[in-house]
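Participant: Data file start.csv (CSV, C-alpha atoms) is appended below.
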```
chain,number,residue,atom,x,y,z
A,1,MET,CA,158.5,9.4,-7.3
A,2,LEU,CA,160.4,7.7,-10.2
A,3,LYS,CA,162.3,5.6,-7.8
A,4,ILE,CA,159.1,4.4,-6.1
A,5,LEU,CA,157.4,3.6,-9.5
A,6,ARG,CA,160.4,1.8,-10.9
A,7,PRO,CA,159.9,-2.0,-11.0
A,8,ASP,CA,162.4,-4.1,-9.0
A,9,SER,CA,164.8,-6.3,-10.9
A,10,PHE,CA,162.9,-9.5,-10.0
A,11,SER,CA,159.7,-8.1,-11.6
A,12,ILE,CA,161.6,-7.1,-14.7
A,13,SER,CA,163.1,-10.6,-14.9
A,14,LEU,CA,159.6,-12.1,-14.7
A,15,ILE,CA,158.5,-9.9,-17.6
A,16,LEU,CA,161.5,-11.0,-19.7
A,17,VAL,CA,160.9,-14.6,-18.9
A,18,ILE,CA,157.3,-14.3,-20.1
A,19,VAL,CA,158.6,-12.8,-23.4
A,20,ILE,CA,161.2,-15.5,-23.8
A,21,ALA,CA,158.7,-18.3,-23.0
A,22,SER,CA,156.3,-16.8,-25.5
A,23,ILE,CA,158.9,-16.9,-28.3
A,24,PHE,CA,160.8,-20.1,-27.2
A,25,PRO,CA,158.5,-22.3,-25.2
A,26,GLY,CA,159.9,-25.7,-24.1
A,27,ARG,CA,158.8,-28.3,-26.6
A,28,GLY,CA,159.4,-32.1,-26.9
A,29,ALA,CA,162.2,-33.6,-25.0
A,30,PHE,CA,163.4,-30.2,-23.7
A,31,GLY,CA,159.9,-29.6,-22.3
A,32,ASP,CA,160.0,-33.0,-20.4
A,33,VAL,CA,163.4,-32.1,-19.0
A,34,LEU,CA,162.1,-28.7,-18.0
A,35,GLN,CA,159.2,-30.2,-16.1
A,36,MET,CA,161.6,-32.5,-14.2
A,37,ALA,CA,163.8,-29.5,-13.4
A,38,THR,CA,160.8,-27.5,-12.3
A,39,ARG,CA,159.7,-30.1,-9.8
A,40,ALA,CA,163.2,-30.3,-8.4
A,41,ALA,CA,163.4,-26.5,-8.2
A,42,ILE,CA,160.1,-26.3,-6.3
A,43,THR,CA,161.3,-28.9,-3.8
A,44,LEU,CA,164.6,-27.0,-3.3
A,45,LEU,CA,162.7,-23.7,-3.0
A,46,PHE,CA,160.6,-24.9,-0.1
A,47,PHE,CA,163.5,-26.7,1.6
A,48,MET,CA,165.3,-23.4,1.7
A,49,HIS,CA,162.1,-21.6,2.9
A,50,GLY,CA,162.1,-24.0,5.9
A,51,ALA,CA,165.8,-23.6,6.5
A,52,LYS,CA,165.6,-19.8,6.6
A,53,LEU,CA,162.6,-19.8,9.0
A,54,SER,CA,163.8,-18.6,12.5
A,55,ARG,CA,161.8,-20.1,15.4
A,56,GLU,CA,163.1,-17.4,17.7
A,57,ALA,CA,161.7,-14.7,15.4
A,58,ILE,CA,158.3,-16.4,15.3
A,59,LEU,CA,158.2,-16.8,19.1
A,60,ARG,CA,159.0,-13.1,19.6
A,61,GLY,CA,156.1,-12.1,17.5
A,62,MET,CA,153.4,-14.5,18.7
A,63,GLY,CA,152.1,-12.1,21.4
A,64,ALA,CA,150.3,-9.9,18.9
A,65,TRP,CA,147.3,-12.2,18.5
A,66,ARG,CA,144.9,-9.5,17.4
A,67,LEU,CA,147.2,-8.6,14.5
A,68,HIS,CA,147.6,-12.3,13.5
A,69,VAL,CA,143.9,-13.1,13.6
A,70,SER,CA,143.1,-9.9,11.6
A,71,ALA,CA,145.8,-10.5,9.0
A,72,LEU,CA,144.9,-14.1,8.4
A,73,ALA,CA,141.2,-13.3,8.2
A,74,ILE,CA,142.0,-10.7,5.5
A,75,THR,CA,144.3,-13.1,3.6
A,76,PHE,CA,142.1,-16.2,3.6
A,77,VAL,CA,138.6,-14.7,4.0
A,78,PHE,CA,138.3,-11.1,2.8
A,79,PHE,CA,140.4,-11.7,-0.4
A,80,PRO,CA,138.3,-14.8,-1.4
A,81,VAL,CA,135.1,-12.9,-0.8
A,82,MET,CA,136.2,-10.2,-3.1
A,83,ALA,CA,137.2,-12.7,-5.7
A,84,VAL,CA,133.9,-14.5,-5.5
A,85,ALA,CA,132.1,-11.2,-6.0
A,86,LEU,CA,134.2,-10.5,-9.1
A,87,THR,CA,133.3,-13.9,-10.6
A,88,MET,CA,129.6,-12.8,-10.5
A,89,LEU,CA,130.4,-10.2,-13.2
A,90,PRO,CA,129.5,-11.2,-16.8
A,91,ASP,CA,132.0,-13.2,-18.8
A,92,GLN,CA,132.1,-10.3,-21.3
A,93,LEU,CA,133.8,-8.2,-18.6
A,94,ILE,CA,136.1,-10.8,-17.1
A,95,LYS,CA,136.8,-14.0,-19.1
A,96,PRO,CA,136.4,-17.4,-17.3
A,97,GLU,CA,140.1,-18.1,-17.5
A,98,ILE,CA,140.9,-14.8,-15.8
A,99,LYS,CA,138.3,-15.5,-13.2
A,100,ILE,CA,140.1,-18.7,-12.3
A,101,GLY,CA,143.3,-16.7,-11.9
A,102,ILE,CA,141.7,-14.1,-9.7
A,103,LEU,CA,140.2,-16.9,-7.5
A,104,PHE,CA,143.6,-18.5,-7.2
A,105,LEU,CA,145.2,-15.2,-6.4
A,106,SER,CA,142.7,-14.6,-3.6
A,107,VAL,CA,143.6,-17.8,-1.7
A,108,VAL,CA,147.4,-17.5,-1.9
A,109,PRO,CA,149.2,-16.9,1.4
A,110,ALA,CA,151.0,-13.7,2.3
A,111,THR,CA,154.6,-13.0,1.1
A,112,VAL,CA,157.3,-13.2,3.8
A,113,GLN,CA,160.2,-11.2,2.5
A,114,SER,CA,158.5,-8.1,1.2
A,115,SER,CA,156.0,-8.0,4.2
A,116,VAL,CA,158.9,-8.0,6.6
A,117,SER,CA,161.0,-5.6,4.6
A,118,PHE,CA,158.2,-3.0,4.2
A,119,THR,CA,157.3,-3.4,7.9
A,120,SER,CA,160.9,-2.7,8.8
A,121,ILE,CA,161.1,0.4,6.6
A,122,ALA,CA,157.9,1.7,8.1
A,123,GLY,CA,159.2,1.2,11.7
A,124,GLY,CA,156.6,-1.5,12.3
A,125,ASN,CA,156.6,-4.6,14.5
A,126,VAL,CA,159.1,-6.7,12.6
A,127,ALA,CA,158.9,-9.7,14.9
A,128,ALA,CA,155.1,-9.9,14.5
A,129,ALA,CA,155.4,-9.5,10.7
A,130,VAL,CA,157.9,-12.5,10.6
A,131,CYS,CA,155.6,-14.6,12.8
A,132,ASN,CA,152.4,-13.7,10.8
A,133,ALA,CA,153.9,-14.1,7.3
A,134,SER,CA,155.5,-17.4,8.3
A,135,LEU,CA,152.2,-18.7,9.8
A,136,SER,CA,150.3,-17.6,6.7
A,137,ASN,CA,152.6,-19.6,4.4
A,138,ILE,CA,152.4,-22.7,6.6
A,139,LEU,CA,148.6,-22.5,6.7
A,140,GLY,CA,148.6,-21.8,3.0
A,141,VAL,CA,150.0,-25.3,2.2
A,142,PHE,CA,146.7,-26.7,3.4
A,143,LEU,CA,144.3,-23.8,2.9
A,144,THR,CA,145.4,-22.7,-0.6
A,145,PRO,CA,144.7,-26.0,-2.4
A,146,LEU,CA,141.5,-26.6,-0.3
A,147,LEU,CA,140.1,-23.1,-1.1
A,148,ALA,CA,141.3,-23.1,-4.7
A,149,GLY,CA,139.6,-26.5,-5.4
A,150,LEU,CA,136.3,-25.4,-3.7
A,151,LEU,CA,136.1,-21.9,-5.1
A,152,ILE,CA,137.2,-22.6,-8.6
A,153,HIS,CA,134.9,-25.6,-8.9
A,154,ALA,CA,131.9,-23.7,-7.4
A,155,PHE,CA,132.3,-20.3,-9.0
A,156,ALA,CA,134.4,-20.7,-12.2
A,157,GLY,CA,132.6,-23.8,-13.5
A,158,ASN,CA,135.8,-25.7,-14.3
A,159,GLY,CA,139.4,-26.2,-13.2
A,160,GLY,CA,138.4,-27.8,-9.9
A,161,VAL,CA,140.7,-30.4,-8.5
A,162,ASP,CA,140.2,-33.4,-6.2
A,163,THR,CA,140.8,-31.6,-2.8
A,164,ALA,CA,142.2,-34.7,-1.0
A,165,THR,CA,144.6,-35.5,-3.9
A,166,ALA,CA,145.6,-31.8,-4.2
A,167,ILE,CA,146.5,-31.5,-0.5
A,168,GLN,CA,148.4,-34.8,-0.6
A,169,THR,CA,150.4,-33.5,-3.6
A,170,VAL,CA,151.1,-30.2,-2.0
A,171,VAL,CA,152.1,-31.9,1.3
A,172,LEU,CA,154.6,-34.2,-0.4
A,173,THR,CA,155.9,-31.6,-2.8
A,174,LEU,CA,156.0,-28.5,-0.6
A,175,LEU,CA,155.4,-29.2,3.1
A,176,VAL,CA,157.7,-32.2,3.6
A,177,PRO,CA,160.7,-30.3,2.0
A,178,PHE,CA,159.8,-27.3,4.2
A,179,ILE,CA,159.7,-29.3,7.4
A,180,VAL,CA,163.0,-31.1,6.5
A,181,GLY,CA,164.6,-27.8,5.8
A,182,HIS,CA,163.4,-26.3,9.1
A,183,LEU,CA,164.5,-29.4,11.1
A,184,SER,CA,167.9,-29.0,9.3
A,185,ARG,CA,168.3,-25.4,10.4
A,186,PRO,CA,170.4,-26.2,13.5
A,187,LEU,CA,173.0,-27.8,11.2
A,188,ILE,CA,172.9,-25.3,8.3
A,189,ALA,CA,171.7,-22.0,10.0
A,190,SER,CA,175.2,-20.5,9.9
A,191,PHE,CA,175.6,-21.3,6.2
A,192,VAL,CA,172.1,-19.9,5.5
A,193,ASP,CA,172.8,-16.7,7.4
A,194,ARG,CA,176.2,-16.2,5.7
A,195,HIS,CA,174.8,-16.7,2.2
A,196,LYS,CA,171.5,-14.9,2.3
A,197,SER,CA,172.1,-13.0,-0.9
A,198,ALA,CA,173.0,-16.1,-2.9
A,199,LEU,CA,170.1,-18.0,-1.5
A,200,THR,CA,167.7,-15.2,-2.4
A,201,LEU,CA,169.0,-15.5,-6.0
A,202,LEU,CA,168.4,-19.2,-5.8
A,203,ASP,CA,164.8,-18.7,-4.6
A,204,ARG,CA,164.2,-16.2,-7.4
A,205,GLY,CA,165.8,-18.5,-10.0
A,206,ALA,CA,163.5,-21.4,-9.0
A,207,ILE,CA,160.5,-19.1,-9.4
A,208,ILE,CA,161.7,-17.9,-12.8
A,209,LEU,CA,162.2,-21.5,-13.9
A,210,VAL,CA,158.6,-22.4,-12.8
A,211,VAL,CA,157.2,-19.3,-14.6
A,212,TYR,CA,159.1,-20.1,-17.8
A,213,SER,CA,157.9,-23.7,-17.7
A,214,ALA,CA,154.3,-22.7,-17.0
A,215,PHE,CA,154.1,-20.0,-19.6
A,216,GLY,CA,155.9,-22.0,-22.2
A,217,ALA,CA,153.3,-24.8,-21.8
A,218,SER,CA,150.5,-22.3,-21.9
A,219,VAL,CA,151.9,-20.6,-25.0
A,220,ILE,CA,152.0,-24.0,-26.8
A,221,ASP,CA,148.3,-24.5,-25.7
A,222,GLY,CA,147.4,-21.1,-27.2
A,223,LEU,CA,147.7,-18.7,-24.3
A,224,TRP,CA,148.0,-15.4,-26.2
A,225,SER,CA,145.1,-16.3,-28.5
A,226,ARG,CA,142.9,-16.5,-25.4
A,227,VAL,CA,144.4,-13.5,-23.4
A,228,SER,CA,144.2,-10.1,-25.1
A,229,GLY,CA,145.4,-6.6,-24.2
A,230,LEU,CA,141.9,-5.8,-22.8
A,231,ASN,CA,142.2,-8.9,-20.6
A,232,LEU,CA,145.5,-7.6,-19.2
A,233,PHE,CA,144.0,-4.2,-18.6
A,234,THR,CA,141.1,-5.9,-16.7
A,235,ILE,CA,143.6,-7.8,-14.5
A,236,VAL,CA,145.5,-4.6,-13.7
A,237,THR,CA,142.3,-2.8,-12.8
A,238,VAL,CA,141.0,-5.7,-10.6
A,239,SER,CA,144.4,-6.0,-8.9
A,240,ILE,CA,144.5,-2.3,-8.0
A,241,ALA,CA,140.9,-2.5,-6.7
A,242,MET,CA,141.6,-5.7,-4.6
A,243,LEU,CA,144.9,-4.2,-3.2
A,244,ALA,CA,143.2,-0.9,-2.3
A,245,ALA,CA,140.3,-2.7,-0.5
A,246,ALA,CA,142.8,-4.9,1.5
A,247,LEU,CA,144.8,-1.9,2.5
A,248,LEU,CA,141.8,0.1,3.6
A,249,ILE,CA,140.3,-2.8,5.6
A,250,SER,CA,143.7,-3.4,7.2
A,251,VAL,CA,144.0,0.3,8.4
A,252,PHE,CA,140.3,0.3,9.5
A,253,ALA,CA,140.8,-2.9,11.5
A,254,ALA,CA,143.9,-1.5,13.2
A,255,ARG,CA,142.3,1.8,14.1
A,256,VAL,CA,139.1,0.1,15.4
A,257,MET,CA,141.2,-2.2,17.6
A,258,HIS,CA,143.4,0.7,18.7
A,259,MET,CA,146.6,-1.0,17.6
A,260,SER,CA,149.9,0.8,18.0
A,261,ARG,CA,151.4,2.2,14.9
A,262,PRO,CA,154.1,-0.5,14.7
A,263,ASP,CA,151.4,-3.2,14.9
A,264,GLU,CA,149.3,-1.3,12.3
A,265,ALA,CA,152.2,-1.2,9.9
A,266,ALA,CA,152.7,-4.9,10.3
A,267,LEU,CA,149.0,-5.6,9.7
A,268,VAL,CA,148.9,-3.4,6.6
A,269,PHE,CA,151.9,-5.1,5.0
A,270,CYS,CA,151.1,-8.7,6.0
A,271,ALA,CA,147.4,-8.6,5.2
A,272,SER,CA,147.6,-6.9,1.8
A,273,LYS,CA,150.4,-9.1,0.3
A,274,LYS,CA,150.1,-12.2,-1.9
A,275,SER,CA,153.1,-14.5,-2.2
A,276,LEU,CA,154.4,-15.2,-5.7
A,277,ALA,CA,157.1,-17.5,-4.2
A,278,SER,CA,154.4,-19.7,-2.6
A,279,GLY,CA,151.6,-19.2,-5.2
A,280,VAL,CA,153.5,-20.3,-8.3
A,281,PRO,CA,154.8,-23.6,-6.9
A,282,ILE,CA,151.4,-24.4,-5.4
A,283,ALA,CA,149.7,-23.8,-8.7
A,284,ALA,CA,152.4,-25.9,-10.5
A,285,ALA,CA,151.8,-28.7,-8.0
A,286,LEU,CA,148.0,-28.6,-8.4
A,287,TYR,CA,147.3,-28.0,-12.0
A,288,PRO,CA,148.5,-29.1,-15.5
A,289,ALA,CA,151.4,-26.9,-16.9
A,290,ALA,CA,149.3,-25.6,-19.7
A,291,MET,CA,146.7,-24.2,-17.3
A,292,VAL,CA,149.2,-22.7,-14.8
A,293,GLY,CA,150.4,-19.9,-17.1
A,294,VAL,CA,146.9,-18.3,-17.3
A,295,MET,CA,146.3,-19.0,-13.7
A,296,ILE,CA,149.3,-17.2,-12.3
A,297,LEU,CA,149.0,-14.2,-14.6
A,298,PRO,CA,146.8,-12.2,-12.1
A,299,LEU,CA,149.2,-13.2,-9.3
A,300,MET,CA,152.2,-11.9,-11.2
A,301,ILE,CA,150.5,-8.6,-12.0
A,302,PHE,CA,149.3,-8.2,-8.5
A,303,HIS,CA,152.8,-8.9,-7.2
A,304,LEU,CA,154.3,-6.0,-9.2
A,305,ILE,CA,151.5,-3.6,-8.2
A,306,GLN,CA,151.8,-4.5,-4.5
A,307,LEU,CA,155.5,-3.8,-4.5
A,308,ILE,CA,155.1,-0.4,-6.1
A,309,VAL,CA,152.2,0.7,-3.9
A,310,CYS,CA,153.5,-0.7,-0.6
A,311,ALA,CA,157.0,0.8,-1.2
A,312,ALA,CA,155.3,4.2,-1.3
A,313,ILE,CA,153.2,3.5,1.8
A,314,ALA,CA,156.2,2.2,3.8
A,315,ARG,CA,158.1,5.4,3.0
A,316,ALA,CA,155.1,7.4,4.1
A,317,TYR,CA,155.0,5.6,7.5
A,318,ALA,CA,158.8,6.2,7.9
A,319,GLN,CA,158.5,9.9,7.1
A,320,LYS,CA,155.7,10.3,9.6
A,321,ASN,CA,157.7,8.6,12.3
A,322,ILE,CA,160.7,10.9,11.6
A,323,ALA,CA,158.5,14.0,11.7
A,324,GLU,CA,157.0,12.9,15.1
A,325,GLN,CA,160.5,12.2,16.5
A,326,ARG,CA,161.7,15.6,15.4
A,327,ALA,CA,158.6,17.3,17.0
A,328,GLU,CA,159.2,15.5,20.2
A,329,ALA,CA,162.8,16.5,20.2
A,330,ILE,CA,161.8,20.1,19.9
```
What do you get writing this file as C-alpha cells?

Facilitator:
Amino acid sequence: MLKILRPDSFSISLILVIVIASIFPGRGAFGDVLQMATRAAITLLFFMHGAKLSREAILRGMGAWRLHVSALAITFVFFPVMAVALTMLPDQLIKPEIKIGILFLSVVPATVQSSVSFTSIAGGNVAAAVCNASLSNILGVFLTPLLAGLLIHAFAGNGGVDTATAIQTVVLTLLVPFIVGHLSRPLIASFVDRHKSALTLLDRGAIILVVYSAFGASVIDGLWSRVSGLNLFTIVTVSIAMLAAALLISVFAARVMHMSRPDEAALVFCASKKSLASGVPIAAALYPAAMVGVMILPLMIFHLIQLIVCAAIARAYAQKNIAEQRAEAI
C-alpha cells in the first residue's frame, strides 16, 4: 500500500520546482531568457513526441473502434461537461481562477506514456492504448485550444482567447514540430529506441522548465496571495471526484458494450487520464505566463492523483488475471 501511495519521482520534482519558483521566480533579464528557453523546450518536446510515435503500433490498434470512440468521447465531451457543471457552483466554493484551471484540465488530451504503461501492467490491449492515446494527443492540438477558448469565455467570464489565433499558435508551436519529428522517424528511429531513458528525462526536463517559468511568472503576479490552502483542498476534492466519475463511466461503457477485459483495461486507462506533457505546453502557448501558473495547478494535482489511483487499479487488474489463470490451470 505504501508503494502504491508513494508519489513518483517526476511528481516530486514538480512539487520541488513549484517551491523553487515560489522562492526564486525568474525576474528581469533572466525571466526573458527563461521565456525563450521555454519556447525552445516546448518545440523540442513535441518534436520528440513525433519521433517516438510508431505508425506500426497505431495501425495495430486501429481495429478497436468502439474503444476509441468511447475514450475520445469521455476525454473531450464527458470531462468538459463535468467541468462546466462545476463552474455553476458559487464563487465562494470555487474561485474563478480555479474554475478556469478546471475547465482547462477538462479539455486536455489523454496522456500517452502512463496510459500505455498501466494498460500493459493490467494485461490490457496495449496496441489499442497506443493508438488511442496518440490519436487523442493529435486531436488535442486542435480541440484543446478550441474548447478552452469557448468554455473559458462562456463559463468563466474571462481568460478567453481568439480561437483562430490560438489554433494557429498551437499549430506552429506544437503540431509542426510534431509532424517534422514523426517524418524524421525513419532516420532517427534507431537512435530514439536506443536512448528511450535519456529522452524521457529530456521530456520531463522540458516540462519542468515550463512549469518553473509559468509558476515564477505567476508568483511575481501574486499567485499565492490568490490561491489559499482551502483552494488547494478544493482542487484535490474536485480532481478526485472527476477522476472517479471518469473511471466509473469507462467501466460502465465497457460492460454495456461487452468489451473484452483487455479492451476494458485500455478504455479505463486511456479515458481517465489527462496529459501534463501536452497540457502544460498548450497552456504556455495559449496564455500569458502569469496566467499559466494558476491554470495548470488543477492539471498538476490531477496528474499526481491519477498516477496513484490508476497504479492501484492496474495492479488489481493484473492480480485478477493471475488468479483466473491459476484457476484455469487447476

Participant: Can you pull out every residue within 8 Å of Gly101 (chain A), counting only C-alpha atoms, but drop anything in the same chain fewer than 3 positions away, and send it as a PyMOL selection string?

Facilitator: chain A and resi 97-98+104-105+294-299

Participant: Ranking A:Leu267, A:Ala283, A:Leu59, A:Val309 by minimum distance to Thr119 (chain A) and counting all atoms listed in the file, which one comes first?

Facilitator: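 Using all atoms listed in the file, Thr119 (chain A) sits closest to A:Leu267.
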
Participant: Separation of CA of Pro80 (chain A) and CA of Ala57 (chain A), in Å?

Facilitator: 28.8 Å

Participant: Listing only residues of region 211-324 of chain A within 12 Å of region 27-31 of chain A, what is the closest atom pair and its distance in Å (to one decimal) for each, using all atoms listed in the file, sorted by chain and residue number ascending, as a Markdown table?

Facilitator:
```
| residue | atom | partner | partner_atom | distance |
| --- | --- | --- | --- | --- |
| A:Tyr212 | CA | A:Gly31 | CA | 10.5 |
| A:Ser213 | CA | A:Gly31 | CA | 7.7 |
| A:Ala214 | CA | A:Gly31 | CA | 10.3 |
| A:Phe215 | CA | A:Gly31 | CA | 11.5 |
| A:Gly216 | CA | A:Arg27 | CA | 8.2 |
| A:Ala217 | CA | A:Arg27 | CA | 8.1 |
| A:Ser218 | CA | A:Arg27 | CA | 11.3 |
| A:Val219 | CA | A:Arg27 | CA | 10.5 |
| A:Ile220 | CA | A:Arg27 | CA | 8.0 |
| A:Asp221 | CA | A:Arg27 | CA | 11.2 |
| A:Ala289 | CA | A:Gly31 | CA | 10.4 |
| A:Ala290 | CA | A:Gly31 | CA | 11.6 |
```

Participant: How would the residues just chosen look if you wrote them out with C-alpha atoms as a JSON list (two decimals), in the frame of the given file?

Facilitator:
```
[["chain", "number", "residue", "atom", "x", "y", "z"],
["A", 212, "TYR", "CA", 159.10, -20.10, -17.80],
["A", 213, "SER", "CA", 157.90, -23.70, -17.70],
["A", 214, "ALA", "CA", 154.30, -22.70, -17.00],
["A", 215, "PHE", "CA", 154.10, -20.00, -19.60],
["A", 216, "GLY", "CA", 155.90, -22.00, -22.20],
["A", 217, "ALA", "CA", 153.30, -24.80, -21.80],
["A", 218, "SER", "CA", 150.50, -22.30, -21.90],
["A", 219, "VAL", "CA", 151.90, -20.60, -25.00],
["A", 220, "ILE", "CA", 152.00, -24.00, -26.80],
["A", 221, "ASP", "CA", 148.30, -24.50, -25.70],
["A", 289, "ALA", "CA", 151.40, -26.90, -16.90],
["A", 290, "ALA", "CA", 149.30, -25.60, -19.70]]
```

Participant: Taking into account all atoms listed in the file, which residue in the set A:Ala198, A:Ala284, A:Leu172, A:Ala73 is nearest to Leu139 (chain A)?

Facilitator: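 Among the listed residues, A:Ala73 lies closest to Leu139 (chain A).
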
Participant: Which value, in Å to one decimal, gives the distance between CA of Ala327 (chain A) and CA of Ala122 (chain A)?

Facilitator: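 Interatomic distance here is 18.0 Å.
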
Participant: Produce a table with one row for each residue of region 94-182 of chain A that has an atom at most 12 Å from any atom of region 241-263 of chain A, each row naming the nearest atom pair and its distance in Å at one decimal; use all atoms listed in the file; arrange rows by chain and rising residue number; format as JSON lines.

Facilitator:
```
{"residue": "A:Ile102", "atom": "CA", "partner": "A:Met242", "partner_atom": "CA", "distance": 9.8}
{"residue": "A:Leu103", "atom": "CA", "partner": "A:Met242", "partner_atom": "CA", "distance": 11.7}
{"residue": "A:Leu105", "atom": "CA", "partner": "A:Met242", "partner_atom": "CA", "distance": 10.3}
{"residue": "A:Ser106", "atom": "CA", "partner": "A:Met242", "partner_atom": "CA", "distance": 9.0}
{"residue": "A:Phe118", "atom": "CA", "partner": "A:Pro262", "partner_atom": "CA", "distance": 11.5}
{"residue": "A:Thr119", "atom": "CA", "partner": "A:Pro262", "partner_atom": "CA", "distance": 8.1}
{"residue": "A:Ser120", "atom": "CA", "partner": "A:Pro262", "partner_atom": "CA", "distance": 9.3}
{"residue": "A:Ile121", "atom": "CA", "partner": "A:Pro262", "partner_atom": "CA", "distance": 10.7}
{"residue": "A:Ala122", "atom": "CA", "partner": "A:Pro262", "partner_atom": "CA", "distance": 7.9}
{"residue": "A:Gly123", "atom": "CA", "partner": "A:Pro262", "partner_atom": "CA", "distance": 6.2}
{"residue": "A:Gly124", "atom": "CA", "partner": "A:Pro262", "partner_atom": "CA", "distance": 3.6}
{"residue": "A:Asn125", "atom": "CA", "partner": "A:Pro262", "partner_atom": "CA", "distance": 4.8}
{"residue": "A:Val126", "atom": "CA", "partner": "A:Pro262", "partner_atom": "CA", "distance": 8.2}
{"residue": "A:Ala127", "atom": "CA", "partner": "A:Asp263", "partner_atom": "CA", "distance": 9.9}
{"residue": "A:Ala128", "atom": "CA", "partner": "A:Asp263", "partner_atom": "CA", "distance": 7.7}
{"residue": "A:Ala129", "atom": "CA", "partner": "A:Asp263", "partner_atom": "CA", "distance": 8.6}
{"residue": "A:Asn132", "atom": "CA", "partner": "A:Asp263", "partner_atom": "CA", "distance": 11.3}
```

Participant: Identify, on the basis of all atoms listed in the file, every residue whose closest approach to Arg55 (chain A) does not exceed 12 Å; exclude the query and any residue fewer than 4 positions from it along the same chain; express the result as a list of chain:residue names.

Facilitator: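 That gives A:Gly50, A:Ala51, A:Leu59, A:Arg60, A:Gly61, A:Met62, A:Ala127, A:Val130, A:Cys131, A:Ser134, A:Leu135, A:His182, A:Leu183, A:Arg185, A:Pro186, A:Ala189.
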
Participant: Of the candidates A:Lys320, A:Leu230, A:Ile301, A:Val211, which shows the shortest atom-to-atom distance to Gln35 (chain A), using only C-alpha atoms?

Facilitator: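 Nearest to Gln35 (chain A): A:Val211.
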